[in-house]
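J.: Sharing my_file_2.cif, mmCIF, C-alpha atoms and all ligand atoms:
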data_final
loop_
_atom_site.label_atom_id
_atom_site.label_comp_id
_atom_site.auth_asym_id
_atom_site.auth_seq_id
_atom_site.Cartn_x
_atom_site.Cartn_y
_atom_site.Cartn_z
CA MET A 1 0.00 0.00 0.00
CA SER A 2 1.41 3.38 -0.96
CA GLU A 3 0.65 6.09 1.54
CA PHE A 4 0.93 9.66 0.33
CA ASP A 5 3.25 12.58 -0.12
CA ASP A 6 2.55 15.94 1.57
CA SER A 7 3.48 17.77 -1.60
CA TRP A 8 0.76 16.11 -3.70
CA GLY A 9 -2.09 18.18 -5.07
CA PHE A 10 -5.75 17.16 -4.67
CA GLY A 11 -5.88 15.42 -8.04
CA THR A 12 -3.01 13.13 -7.08
CA LEU A 13 -4.22 12.61 -3.49
CA GLY A 14 -7.70 11.64 -4.71
CA ILE A 15 -6.23 9.01 -7.02
CA ARG A 16 -3.06 7.80 -5.30
CA ALA A 17 -3.27 8.37 -1.52
CA PHE A 18 -3.47 5.03 0.32
CA GLU A 19 -3.96 2.90 -2.76
CA PRO A 20 -5.22 -0.45 -1.43
CA ALA A 21 -2.99 -3.54 -1.65
CA ARG A 22 -3.37 -5.38 -4.98
CA HIS A 23 -3.91 -9.03 -4.12
CA GLU A 24 -4.64 -10.04 -7.72
CA GLY A 25 -2.70 -7.30 -9.47
CA GLU A 26 -5.93 -5.40 -10.01
CA HIS A 27 -5.37 -1.78 -11.09
CA SER A 28 -8.70 -0.45 -9.81
CA ALA A 29 -9.38 -1.00 -6.08
CA ALA A 30 -11.17 -4.25 -5.17
CA ILE A 31 -14.28 -4.30 -2.96
CA HIS A 32 -14.35 -6.36 0.25
CA PRO A 33 -18.04 -7.13 0.77
CA THR A 34 -17.69 -9.29 3.87
CA SER A 35 -19.29 -8.98 7.30
CA SER A 36 -16.55 -10.80 9.23
CA PHE A 37 -12.91 -11.86 8.87
CA VAL A 38 -11.19 -15.18 9.64
CA HIS A 39 -8.08 -15.78 11.72
CA SER A 40 -5.20 -18.19 11.21
CA SER A 41 -5.46 -19.69 14.72
CA ALA A 42 -7.23 -19.30 18.05
CA ALA A 43 -4.19 -17.43 19.37
CA HIS A 44 -4.23 -15.06 16.38
CA ALA A 45 -7.96 -14.43 16.87
CA ALA A 46 -7.33 -13.63 20.54
CA LYS A 47 -4.58 -11.15 19.66
CA VAL A 48 -6.62 -9.36 16.98
CA PHE A 49 -9.67 -9.18 19.27
CA ALA A 50 -7.51 -7.76 22.05
CA GLY A 51 -6.06 -5.16 19.69
CA GLU A 52 -2.56 -6.54 20.21
CA GLU A 53 -2.16 -7.31 16.51
CA PRO A 54 -3.54 -5.36 13.56
CA GLY A 55 -6.30 -7.04 11.63
CA ASN A 56 -9.98 -6.93 10.82
CA VAL A 57 -12.61 -8.60 12.97
CA TYR A 58 -16.00 -7.44 11.80
CA SER A 59 -17.15 -4.84 9.25
CA ARG A 60 -19.03 -2.75 11.82
CA PHE A 61 -15.55 -2.03 13.25
CA THR A 62 -13.25 -1.95 10.25
CA ASN A 63 -13.41 -3.03 6.63
CA PRO A 64 -10.55 -2.64 4.11
CA THR A 65 -12.67 -0.87 1.46
CA VAL A 66 -14.20 1.50 4.02
CA GLN A 67 -10.72 2.17 5.43
CA ALA A 68 -9.34 2.94 1.98
CA PHE A 69 -12.02 5.63 1.60
CA GLU A 70 -11.44 6.95 5.15
CA LYS A 71 -7.67 7.22 4.77
CA ARG A 72 -7.82 8.91 1.39
CA LEU A 73 -10.43 11.45 2.53
CA ALA A 74 -8.38 12.14 5.70
CA ALA A 75 -5.31 12.79 3.54
CA MET A 76 -7.31 15.25 1.42
CA GLU A 77 -8.80 17.08 4.45
CA GLY A 78 -5.47 17.19 6.29
CA ALA A 79 -7.04 15.22 9.17
CA GLU A 80 -5.39 12.59 11.38
CA ALA A 81 -8.46 10.36 11.38
CA CYS A 82 -11.72 9.72 9.54
CA VAL A 83 -14.71 7.57 10.42
CA ALA A 84 -17.08 6.82 7.51
CA THR A 85 -20.80 6.71 8.30
CA ALA A 86 -24.01 5.48 6.71
CA SER A 87 -25.09 9.02 5.72
CA GLY A 88 -24.24 12.67 6.29
CA MET A 89 -26.88 12.82 9.04
CA ALA A 90 -25.36 9.73 10.67
CA ALA A 91 -22.03 11.61 10.67
CA ILE A 92 -23.53 14.55 12.61
CA LEU A 93 -25.35 12.23 15.04
CA THR A 94 -22.21 10.13 15.51
CA LEU A 95 -20.06 13.18 16.24
CA CYS A 96 -22.52 14.52 18.85
CA MET A 97 -23.02 11.14 20.54
CA SER A 98 -19.27 10.55 20.64
CA VAL A 99 -17.98 13.81 22.11
CA LEU A 100 -20.94 15.40 23.97
CA LYS A 101 -22.92 14.47 27.07
CA ALA A 102 -26.19 15.51 28.73
CA GLY A 103 -25.97 19.09 29.95
CA ASP A 104 -23.72 20.26 27.10
CA HIS A 105 -24.74 23.17 24.90
CA ILE A 106 -24.30 23.41 21.11
CA LEU A 107 -24.12 26.66 19.14
CA VAL A 108 -25.29 26.27 15.55
CA SER A 109 -25.48 28.68 12.64
CA LYS A 110 -29.08 29.41 11.65
CA SER A 111 -28.59 28.51 8.02
CA VAL A 112 -27.70 24.81 8.30
CA PHE A 113 -29.26 21.87 6.43
CA GLY A 114 -32.92 21.33 7.44
CA ALA A 115 -32.43 17.77 8.73
CA THR A 116 -29.54 19.02 10.88
CA ILE A 117 -31.92 21.46 12.60
CA ASN A 118 -34.44 18.62 13.08
CA LEU A 119 -31.77 16.35 14.54
CA PHE A 120 -30.65 19.03 17.00
CA ASN A 121 -34.16 20.23 17.96
CA ASN A 122 -36.15 17.02 17.99
CA VAL A 123 -33.64 14.28 18.82
CA LEU A 124 -30.59 15.56 20.68
CA THR A 125 -32.56 17.86 22.99
CA ARG A 126 -34.39 14.73 24.28
CA PHE A 127 -31.03 13.52 25.56
CA GLY A 128 -30.23 16.61 27.59
CA LEU A 129 -28.32 18.68 25.04
CA SER A 130 -29.39 22.27 24.48
CA VAL A 131 -29.04 24.19 21.22
CA THR A 132 -28.89 27.89 20.33
CA TYR A 133 -28.92 29.23 16.78
CA VAL A 134 -26.83 32.22 15.75
CA LYS A 135 -26.27 34.23 12.61
CA LEU A 136 -23.62 32.58 10.45
CA GLY A 137 -21.38 35.56 9.70
CA ASP A 138 -21.72 37.47 12.99
CA VAL A 139 -18.77 36.42 15.18
CA ALA A 140 -19.91 38.79 17.96
CA ALA A 141 -23.29 36.99 18.07
CA TRP A 142 -21.51 33.62 18.43
CA LYS A 143 -19.43 35.05 21.25
CA ALA A 144 -22.47 36.50 23.02
CA ALA A 145 -24.33 33.17 22.82
CA LEU A 146 -21.54 31.11 24.45
CA THR A 147 -22.35 29.68 27.89
CA PRO A 148 -20.11 27.79 30.32
CA GLN A 149 -21.81 24.62 29.03
CA THR A 150 -21.05 25.30 25.34
CA LYS A 151 -19.01 22.38 24.04
CA LEU A 152 -19.54 22.47 20.28
CA LEU A 153 -19.89 25.18 17.63
CA PHE A 154 -21.40 23.80 14.42
CA VAL A 155 -21.37 25.64 11.10
CA GLU A 156 -22.03 25.06 7.43
CA THR A 157 -20.14 27.41 5.11
CA PRO A 158 -21.00 28.50 2.46
CA SER A 159 -24.63 28.37 3.55
CA ASN A 160 -27.45 27.02 1.47
CA PRO A 161 -28.87 28.67 -0.68
CA LEU A 162 -27.60 32.23 -0.13
CA ALA A 163 -23.87 31.40 0.09
CA GLY A 164 -23.34 33.17 3.42
CA ILE A 165 -19.72 32.76 4.57
CA ALA A 166 -18.60 32.06 8.16
CA ASP A 167 -15.10 32.97 9.32
CA ILE A 168 -13.75 29.51 10.20
CA ALA A 169 -10.50 30.71 11.80
CA ALA A 170 -12.32 33.28 13.98
CA LEU A 171 -14.91 30.71 15.13
CA ALA A 172 -12.17 28.16 15.85
CA ASP A 173 -10.33 30.71 18.03
CA LEU A 174 -13.54 31.60 19.83
CA ALA A 175 -14.31 27.92 20.45
CA HIS A 176 -10.83 27.16 21.75
CA VAL A 177 -10.72 30.11 24.15
CA HIS A 178 -13.91 28.66 25.66
CA ARG A 179 -12.61 25.07 25.71
CA ALA A 180 -15.16 24.13 23.07
CA TRP A 181 -14.75 22.57 19.61
CA LEU A 182 -15.64 23.78 16.13
CA ALA A 183 -17.24 21.41 13.62
CA VAL A 184 -17.59 22.46 9.96
CA ASP A 185 -19.95 20.74 7.54
CA ASN A 186 -17.75 20.86 4.41
CA CYS A 187 -20.24 19.24 2.08
CA PHE A 188 -20.61 22.19 -0.31
CA LEU A 189 -16.91 22.76 -1.04
CA THR A 190 -15.13 19.46 -0.26
CA PRO A 191 -11.42 19.54 0.68
CA VAL A 192 -10.58 20.52 -2.89
CA LEU A 193 -11.98 24.01 -2.29
CA GLN A 194 -11.78 24.37 1.52
CA GLN A 195 -9.88 22.61 4.30
CA PRO A 196 -11.45 23.63 7.63
CA ILE A 197 -8.94 21.70 9.77
CA LYS A 198 -6.08 23.76 8.33
CA LEU A 199 -8.07 26.86 9.37
CA GLY A 200 -8.35 25.60 12.97
CA ALA A 201 -11.58 23.55 12.97
CA ASP A 202 -11.58 20.44 15.19
CA PHE A 203 -14.03 18.39 13.14
CA VAL A 204 -15.15 18.18 9.54
CA ILE A 205 -18.47 16.61 8.59
CA HIS A 206 -19.26 15.26 5.13
CA SER A 207 -22.33 14.12 3.37
CA ALA A 208 -20.49 11.87 0.89
CA THR A 209 -23.84 11.61 -0.88
CA LYS A 210 -23.10 14.91 -2.61
CA TYR A 211 -19.82 15.80 -4.33
CA LEU A 212 -17.69 12.94 -2.95
CA ASP A 213 -19.81 10.49 -4.91
CA GLY A 214 -20.57 13.15 -7.49
CA GLN A 215 -22.94 11.06 -9.56
CA GLY A 216 -25.94 10.74 -7.25
CA ARG A 217 -25.61 7.00 -6.58
CA CYS A 218 -25.06 6.33 -2.87
CA VAL A 219 -25.83 7.80 0.55
CA GLY A 220 -22.90 8.12 2.97
CA GLY A 221 -20.99 10.43 5.27
CA ALA A 222 -17.83 10.96 7.28
CA VAL A 223 -16.48 12.55 10.46
CA LEU A 224 -12.89 13.80 10.38
CA GLY A 225 -10.61 15.14 13.10
CA ASP A 226 -7.68 14.21 15.31
CA ALA A 227 -6.41 10.79 16.35
CA GLN A 228 -7.93 10.97 19.85
CA LYS A 229 -11.39 12.47 19.37
CA VAL A 230 -12.14 10.90 16.00
CA GLY A 231 -9.64 8.02 15.83
CA LYS A 232 -10.60 6.79 19.31
CA ASP A 233 -13.83 8.42 20.60
CA VAL A 234 -15.85 8.60 17.38
CA PHE A 235 -14.50 5.23 16.25
CA GLY A 236 -15.43 3.75 19.64
CA PHE A 237 -19.01 4.99 19.28
CA MET A 238 -19.17 3.59 15.74
CA ARG A 239 -17.97 0.18 16.95
CA SER A 240 -20.68 0.00 19.60
CA ALA A 241 -23.57 1.84 17.96
CA GLY A 242 -23.02 0.80 14.35
CA PRO A 243 -24.05 3.61 11.94
CA CYS A 244 -21.32 2.35 9.60
CA MET A 245 -20.78 2.68 5.85
CA SER A 246 -21.23 -0.39 3.65
CA PRO A 247 -18.17 -1.64 1.71
CA PHE A 248 -20.04 -1.22 -1.57
CA ASN A 249 -20.84 2.44 -0.89
CA ALA A 250 -17.26 3.02 0.31
CA TRP A 251 -16.00 1.66 -3.01
CA VAL A 252 -18.28 4.04 -4.95
CA PHE A 253 -17.05 6.99 -2.86
CA LEU A 254 -13.43 5.89 -3.22
CA LYS A 255 -13.87 5.96 -7.00
CA GLY A 256 -15.61 9.34 -6.58
CA LEU A 257 -12.53 10.75 -4.84
CA GLU A 258 -10.45 9.85 -7.91
CA THR A 259 -12.31 12.45 -9.98
CA LEU A 260 -13.19 14.91 -7.20
CA ALA A 261 -10.54 17.54 -8.02
CA VAL A 262 -11.41 17.77 -11.73
CA ARG A 263 -15.12 17.70 -11.01
CA MET A 264 -14.96 20.45 -8.36
CA ARG A 265 -12.96 22.68 -10.67
CA ALA A 266 -15.52 22.14 -13.42
CA HIS A 267 -18.54 22.73 -11.10
CA ASN A 268 -16.79 25.84 -9.87
CA GLU A 269 -16.02 27.25 -13.29
CA SER A 270 -19.55 26.73 -14.62
CA ALA A 271 -21.17 28.17 -11.47
CA GLN A 272 -18.98 31.29 -11.70
CA ARG A 273 -19.91 31.76 -15.35
CA LEU A 274 -23.57 31.15 -14.61
CA ALA A 275 -23.57 33.68 -11.74
CA GLU A 276 -22.03 36.31 -14.01
CA TRP A 277 -24.42 35.45 -16.83
CA LEU A 278 -27.47 35.65 -14.52
CA LEU A 279 -26.45 39.19 -13.51
CA THR A 280 -26.96 40.26 -17.12
CA GLN A 281 -30.45 38.74 -17.44
CA SER A 282 -33.51 40.94 -17.10
CA GLY A 283 -35.91 39.74 -14.43
CA VAL A 284 -33.02 38.58 -12.21
CA GLN A 285 -32.89 40.92 -9.23
CA ARG A 286 -30.00 39.49 -7.23
CA VAL A 287 -27.51 36.65 -7.53
CA PHE A 288 -26.14 34.94 -4.42
CA TYR A 289 -22.72 33.48 -5.14
CA ALA A 290 -19.57 34.25 -3.15
CA GLY A 291 -17.54 34.33 -6.38
CA LEU A 292 -19.17 37.65 -7.28
CA PRO A 293 -17.25 40.69 -5.96
CA SER A 294 -20.61 42.20 -4.96
CA HIS A 295 -21.33 39.32 -2.53
CA PRO A 296 -20.82 40.42 1.11
CA GLY A 297 -18.78 37.29 1.85
CA HIS A 298 -16.53 37.59 -1.21
CA ALA A 299 -13.32 38.81 0.51
CA LEU A 300 -13.57 36.25 3.32
CA ALA A 301 -14.40 33.46 0.87
CA ARG A 302 -11.33 34.35 -1.20
CA ARG A 303 -9.20 34.06 1.92
CA GLN A 304 -10.41 30.72 3.21
CA GLN A 305 -11.58 28.94 0.05
CA SER A 306 -9.79 28.12 -3.18
CA GLY A 307 -13.03 28.23 -5.17
CA PHE A 308 -16.65 29.22 -4.59
CA GLY A 309 -18.41 25.93 -5.30
CA GLY A 310 -21.17 24.77 -7.60
CA VAL A 311 -24.29 26.07 -5.85
CA LEU A 312 -25.87 29.48 -6.37
CA GLY A 313 -29.13 31.27 -5.66
CA PHE A 314 -30.85 34.03 -7.56
CA GLU A 315 -33.94 36.09 -6.99
CA LEU A 316 -36.51 36.83 -9.67
CA ALA A 317 -38.48 40.07 -9.69
CA GLY A 318 -41.71 38.19 -10.42
CA GLY A 319 -41.83 36.27 -7.09
CA ARG A 320 -43.14 32.69 -6.85
CA GLU A 321 -44.95 32.82 -10.18
CA ALA A 322 -41.78 33.74 -12.07
CA ALA A 323 -39.71 31.21 -10.10
CA TRP A 324 -42.07 28.31 -10.79
CA LYS A 325 -42.41 29.36 -14.44
CA LEU A 326 -38.62 29.29 -14.82
CA ILE A 327 -38.33 25.90 -13.11
CA ASP A 328 -41.14 24.38 -15.19
CA ALA A 329 -39.68 25.72 -18.44
CA THR A 330 -36.39 23.87 -18.01
CA ARG A 331 -35.86 20.65 -19.97
CA LEU A 332 -32.31 19.80 -18.94
CA CYS A 333 -32.22 20.76 -15.25
CA SER A 334 -33.63 18.21 -12.82
CA ILE A 335 -36.27 19.53 -10.42
CA THR A 336 -34.88 18.14 -7.18
CA ALA A 337 -33.33 19.44 -3.97
CA ASN A 338 -30.24 17.24 -4.25
CA LEU A 339 -26.86 18.64 -5.25
CA GLY A 340 -23.34 17.54 -6.03
CA ASP A 341 -24.41 15.50 -9.05
CA THR A 342 -23.19 15.50 -12.66
CA ARG A 343 -26.71 16.72 -13.46
CA THR A 344 -27.72 20.34 -12.84
CA THR A 345 -30.56 20.58 -10.31
CA ILE A 346 -33.03 23.40 -9.78
CA THR A 347 -35.13 24.07 -6.66
CA HIS A 348 -37.60 26.60 -5.26
CA PRO A 349 -36.37 26.76 -1.63
CA ALA A 350 -39.42 28.62 -0.23
CA THR A 351 -41.75 25.74 -1.10
CA THR A 352 -39.36 22.76 -0.76
CA THR A 353 -36.21 22.75 1.41
CA HIS A 354 -37.45 25.69 3.48
CA GLY A 355 -41.19 25.04 3.04
CA ARG A 356 -41.85 23.70 6.52
CA ILE A 357 -40.54 26.63 8.52
CA THR A 358 -42.79 29.61 9.33
CA ALA A 359 -43.09 32.52 6.91
CA GLU A 360 -41.35 34.75 9.47
CA ALA A 361 -38.42 32.35 9.83
CA ARG A 362 -38.19 32.16 6.04
CA ALA A 363 -38.15 35.93 5.71
CA ALA A 364 -35.51 36.20 8.45
CA ALA A 365 -33.38 33.68 6.57
CA GLY A 366 -33.72 35.65 3.32
CA ILE A 367 -35.61 32.88 1.53
CA THR A 368 -37.97 34.92 -0.63
CA GLU A 369 -40.69 33.63 -2.96
CA GLY A 370 -38.68 34.69 -6.01
CA LEU A 371 -35.56 32.77 -4.94
CA VAL A 372 -34.32 29.88 -7.10
CA ARG A 373 -31.38 27.61 -6.27
CA VAL A 374 -29.28 25.95 -8.93
CA ALA A 375 -26.62 23.32 -8.17
CA VAL A 376 -24.60 23.51 -11.36
CA GLY A 377 -23.75 20.12 -12.86
CA LEU A 378 -21.20 19.01 -15.41
CA GLU A 379 -23.25 19.43 -18.59
CA ASP A 380 -21.79 21.96 -21.05
CA PHE A 381 -22.19 25.51 -19.78
CA ASP A 382 -23.94 26.76 -22.91
CA ASP A 383 -26.60 24.08 -22.59
CA ILE A 384 -27.27 24.93 -18.93
CA ALA A 385 -27.52 28.65 -19.73
CA ALA A 386 -29.81 27.96 -22.71
CA ASP A 387 -32.05 25.84 -20.48
CA LEU A 388 -32.43 28.67 -17.97
CA ALA A 389 -32.76 31.33 -20.69
CA ARG A 390 -35.91 29.56 -21.89
CA GLY A 391 -37.67 30.16 -18.59
CA LEU A 392 -36.30 33.66 -18.11
CA ALA A 393 -37.58 34.80 -21.52
C1 LIG B 1 -27.24 16.49 2.33
C2 LIG B 1 -26.59 17.21 3.42
C3 LIG B 1 -26.47 16.65 4.69
C4 LIG B 1 -27.05 15.29 5.04
O1 LIG B 1 -26.45 14.28 4.33
P1 LIG B 1 -27.18 12.89 3.97
O2 LIG B 1 -26.10 12.13 3.30
O3 LIG B 1 -28.35 13.22 3.11
O4 LIG B 1 -27.60 12.28 5.26
C5 LIG B 1 -25.81 17.37 5.66
N1 LIG B 1 -25.29 18.57 5.40
C6 LIG B 1 -25.40 19.15 4.19
C7 LIG B 1 -24.81 20.50 3.96
C8 LIG B 1 -26.06 18.50 3.16
O5 LIG B 1 -26.18 19.08 1.96
#
Translate this file's structure into structure tokens.

T.:
Amino acid sequence: MSEFDDSWGFGTLGIRAFEPARHEGEHSAAIHPTSSFVHSSAAHAAKVFAGEEPGNVYSRFTNPTVQAFEKRLAAMEGAEACVATASGMAAILTLCMSVLKAGDHILVSKSVFGATINLFNNVLTRFGLSVTYVKLGDVAAWKAALTPQTKLLFVETPSNPLAGIADIAALADLAHVHRAWLAVDNCFLTPVLQQPIKLGADFVIHSATKYLDGQGRCVGGAVLGDAQKVGKDVFGFMRSAGPCMSPFNAWVFLKGLETLAVRMRAHNESAQRLAEWLLTQSGVQRVFYAGLPSHPGHALARRQQSGFGGVLGFELAGGREAAWKLIDATRLCSITANLGDTRTTITHPATTTHGRITAEARAAAGITEGLVRVAVGLEDFDDIAADLARGLA
């Protein structure tokens, strides 16, 4: 097994870091779809079970294909350890169950994924954790909301769908002064465009379902961090509680990592062009994309990201009617709330992803009736623009 070289770029890391051993000379990684592993003798079994000798026991604990994905993603994120999970939500649950206890307080940015808010409000609070929501970009508000019980700060940046940017280094400093940890959901940018651990974050969360797969095939996730908290504590929870990733899904994600760098650069380039093109279209009032100099988070995003990602929002003057008309006029774009696929997706946040919150909460979050979100895929740019032009006409 080759490990990796610190000087490698993301393209090389995604393809070559921790290439699995080739038992049959296979060039592409093999899959190990097995629930358990055999031992050469009773004494060997005893040593592996006791952790005195390396080796696999059972795929809820470790599996070679899952480990290949974990090690490669850790190399790309600059993390000491990675634990792969059954989904992105399982990654967030696993992190909280592994490092928090009843009585602890979590500070969360208001604009996180809807299921994350549900998990915090409706599940974790039943186990004695308390949660406060703060404005993503307002470091003073985060500071003011800290309590002696605050153990975890949780943020998603850029936010969905308005591309709000949080200052990762400032939040990490704030967390550490208060003996708390910072977790960053890095789903939208992936390590290719942002490495939160290098900016001071303690944990990175992934929904591998999105860009890591990149073709909309499998559901999975990951928690990344240091050798103690993730390598031991999160892994220990995984071993006992079992929200693990299947070897088959791990293999799909491992193959996804091989093309991640080229795909992210392509998503990025098309989204930037689309944002600039949308600005020139009549009927488009505002475009939310941190790659535009007019975006309030532009300078910060330039500092902490190496690209602005594939997701953008834009607001139509004609409100819901214009937004739905645009969405229904597309022939290429898929009407779905998913993202991180080869296929461009289009969504009306006010009536889908943000449809179940109150009108006041929606207004406070800036989710207007005229807002449309596009997660730019890998089709040719001209075809995506032509598809949207039809509905804007
Ligand atoms: C999709 C998503 C999740 C949840 O991931 P699943 O794999 O669907 O469980 C979490 N965070 C963000 C930002 C997401 O987009």

J.: What are the nearest atom pairs, with distances in Å to one decimal, for all residues of chain A that come at most 7 Å from ligand LIG 1 (chain B), using all atoms listed in the file, set out by chain and rising residue number as a Markdown table?

T.:
| residue | atom | partner | partner_atom | distance |
| --- | --- | --- | --- | --- |
| A:Ser87 | CA | B:LIG1 | O2 | 4.1 |
| A:Gly88 | CA | B:LIG1 | O1 | 3.4 |
| A:Met89 | CA | B:LIG1 | O4 | 3.9 |
| A:Ala90 | CA | B:LIG1 | O4 | 6.4 |
| A:Val112 | CA | B:LIG1 | C7 | 6.8 |
| A:Phe113 | CA | B:LIG1 | C6 | 5.2 |
| A:Ala115 | CA | B:LIG1 | C4 | 7.0 |
| A:Thr116 | CA | B:LIG1 | C5 | 6.6 |
| A:Glu156 | CA | B:LIG1 | C7 | 6.4 |
| A:Asp185 | CA | B:LIG1 | C7 | 6.0 |
| A:Cys187 | CA | B:LIG1 | C7 | 5.1 |
| A:Phe188 | CA | B:LIG1 | C7 | 6.2 |
| A:His206 | CA | B:LIG1 | N1 | 6.9 |
| A:Ser207 | CA | B:LIG1 | O1 | 4.2 |
| A:Ala208 | CA | B:LIG1 | O2 | 6.1 |
| A:Thr209 | CA | B:LIG1 | O2 | 4.8 |
| A:Lys210 | CA | B:LIG1 | C1 | 6.6 |
| A:Val219 | CA | B:LIG1 | O2 | 5.1 |
| A:Gly220 | CA | B:LIG1 | O2 | 5.1 |
| A:Gly221 | CA | B:LIG1 | O2 | 5.7 |

J.: Rounded to one decimal place, report the CA of Val155 (chain A)-CA of Ala170 (chain A) distance in Å.

T.: 12.2 Å

J.: Identify which of the residues A:Gly283, A:Glu80, A:Arg390, A:Asn56 lies closest to Val223 (chain A), counting only C-alpha atoms when measuring atom-to-atom distances.

T.: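 The shortest atom-to-atom distance to Val223 (chain A) comes from A:Glu80.
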
J.: Which polymer residues have any atom within 8 Å of an atom of region 306-317 of chain A, counting all atoms listed in the file, with same-chain residues fewer than 2 positions away left out, as an NGL selection string?

T.: :A and (161-163 or 188-189 or 192-194 or 264-265 or 267-268 or 270-272 or 275 or 278 or 283-291 or 301-304 or 319 or 322-323 or 339-340 or 368 or 370-377)

J.: Quick one: residues within 10 Å of Cys96 (chain A), only C-alpha atoms counted, chain neighbours fewer than 4 positions away excluded, as a count of residues only?

T.: 11

J.: Kindly give the distance, in Å, that separates CA of Ala329 (chain A) and CA of Arg343 (chain A), rounded to a single decimal.

T.: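 It comes out at 16.6 Å.
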
J.: Given the block above, output region 94-109 of chain A with N, CA and C atoms as a PDB file, in the first residue's frame.

T.:
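decode_39.pdb written:
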ATOM      1  N   THR A  94     -23.347  10.865  14.961  1.00  0.00           N
ATOM      2  CA  THR A  94     -22.206  10.131  15.511  1.00  0.00           C
ATOM      3  C   THR A  94     -21.242  11.080  16.223  1.00  0.00           C
ATOM      4  N   LEU A  95     -20.968  12.212  15.600  1.00  0.00           N
ATOM      5  CA  LEU A  95     -20.062  13.178  16.240  1.00  0.00           C
ATOM      6  C   LEU A  95     -20.628  13.611  17.592  1.00  0.00           C
ATOM      7  N   CYS A  96     -21.919  14.012  17.602  1.00  0.00           N
ATOM      8  CA  CYS A  96     -22.515  14.522  18.847  1.00  0.00           C
ATOM      9  C   CYS A  96     -22.549  13.441  19.923  1.00  0.00           C
ATOM     10  N   MET A  97     -22.930  12.229  19.554  1.00  0.00           N
ATOM     11  CA  MET A  97     -23.024  11.144  20.538  1.00  0.00           C
ATOM     12  C   MET A  97     -21.646  10.748  21.058  1.00  0.00           C
ATOM     13  N   SER A  98     -20.616  10.979  20.260  1.00  0.00           N
ATOM     14  CA  SER A  98     -19.267  10.550  20.644  1.00  0.00           C
ATOM     15  C   SER A  98     -18.574  11.539  21.567  1.00  0.00           C
ATOM     16  N   VAL A  99     -18.794  12.842  21.364  1.00  0.00           N
ATOM     17  CA  VAL A  99     -17.979  13.811  22.113  1.00  0.00           C
ATOM     18  C   VAL A  99     -18.786  14.673  23.089  1.00  0.00           C
ATOM     19  N   LEU A 100     -20.135  14.565  23.063  1.00  0.00           N
ATOM     20  CA  LEU A 100     -20.941  15.395  23.967  1.00  0.00           C
ATOM     21  C   LEU A 100     -21.630  14.529  25.013  1.00  0.00           C
ATOM     22  N   LYS A 101     -22.139  15.192  26.057  1.00  0.00           N
ATOM     23  CA  LYS A 101     -22.919  14.466  27.072  1.00  0.00           C
ATOM     24  C   LYS A 101     -24.071  15.351  27.537  1.00  0.00           C
ATOM     25  N   ALA A 102     -25.033  14.759  28.244  1.00  0.00           N
ATOM     26  CA  ALA A 102     -26.188  15.508  28.733  1.00  0.00           C
ATOM     27  C   ALA A 102     -25.704  16.724  29.519  1.00  0.00           C
ATOM     28  N   GLY A 103     -26.356  17.853  29.276  1.00  0.00           N
ATOM     29  CA  GLY A 103     -25.965  19.089  29.951  1.00  0.00           C
ATOM     30  C   GLY A 103     -25.139  20.004  29.058  1.00  0.00           C
ATOM     31  N   ASP A 104     -24.528  19.446  28.012  1.00  0.00           N
ATOM     32  CA  ASP A 104     -23.717  20.263  27.103  1.00  0.00           C
ATOM     33  C   ASP A 104     -24.610  21.126  26.201  1.00  0.00           C
ATOM     34  N   HIS A 105     -24.022  22.204  25.745  1.00  0.00           N
ATOM     35  CA  HIS A 105     -24.739  23.170  24.904  1.00  0.00           C
ATOM     36  C   HIS A 105     -24.039  23.248  23.538  1.00  0.00           C
ATOM     37  N   ILE A 106     -24.845  23.321  22.476  1.00  0.00           N
ATOM     38  CA  ILE A 106     -24.302  23.414  21.106  1.00  0.00           C
ATOM     39  C   ILE A 106     -24.738  24.750  20.507  1.00  0.00           C
ATOM     40  N   LEU A 107     -23.797  25.427  19.864  1.00  0.00           N
ATOM     41  CA  LEU A 107     -24.116  26.664  19.137  1.00  0.00           C
ATOM     42  C   LEU A 107     -24.089  26.333  17.651  1.00  0.00           C
ATOM     43  N   VAL A 108     -25.159  26.670  16.957  1.00  0.00           N
ATOM     44  CA  VAL A 108     -25.291  26.267  15.555  1.00  0.00           C
ATOM     45  C   VAL A 108     -25.649  27.484  14.706  1.00  0.00           C
ATOM     46  N   SER A 109     -25.078  27.578  13.516  1.00  0.00           N
ATOM     47  CA  SER A 109     -25.480  28.681  12.636  1.00  0.00           C
ATOM     48  C   SER A 109     -26.903  28.419  12.144  1.00  0.00           C
TER      49      SER A 109
END
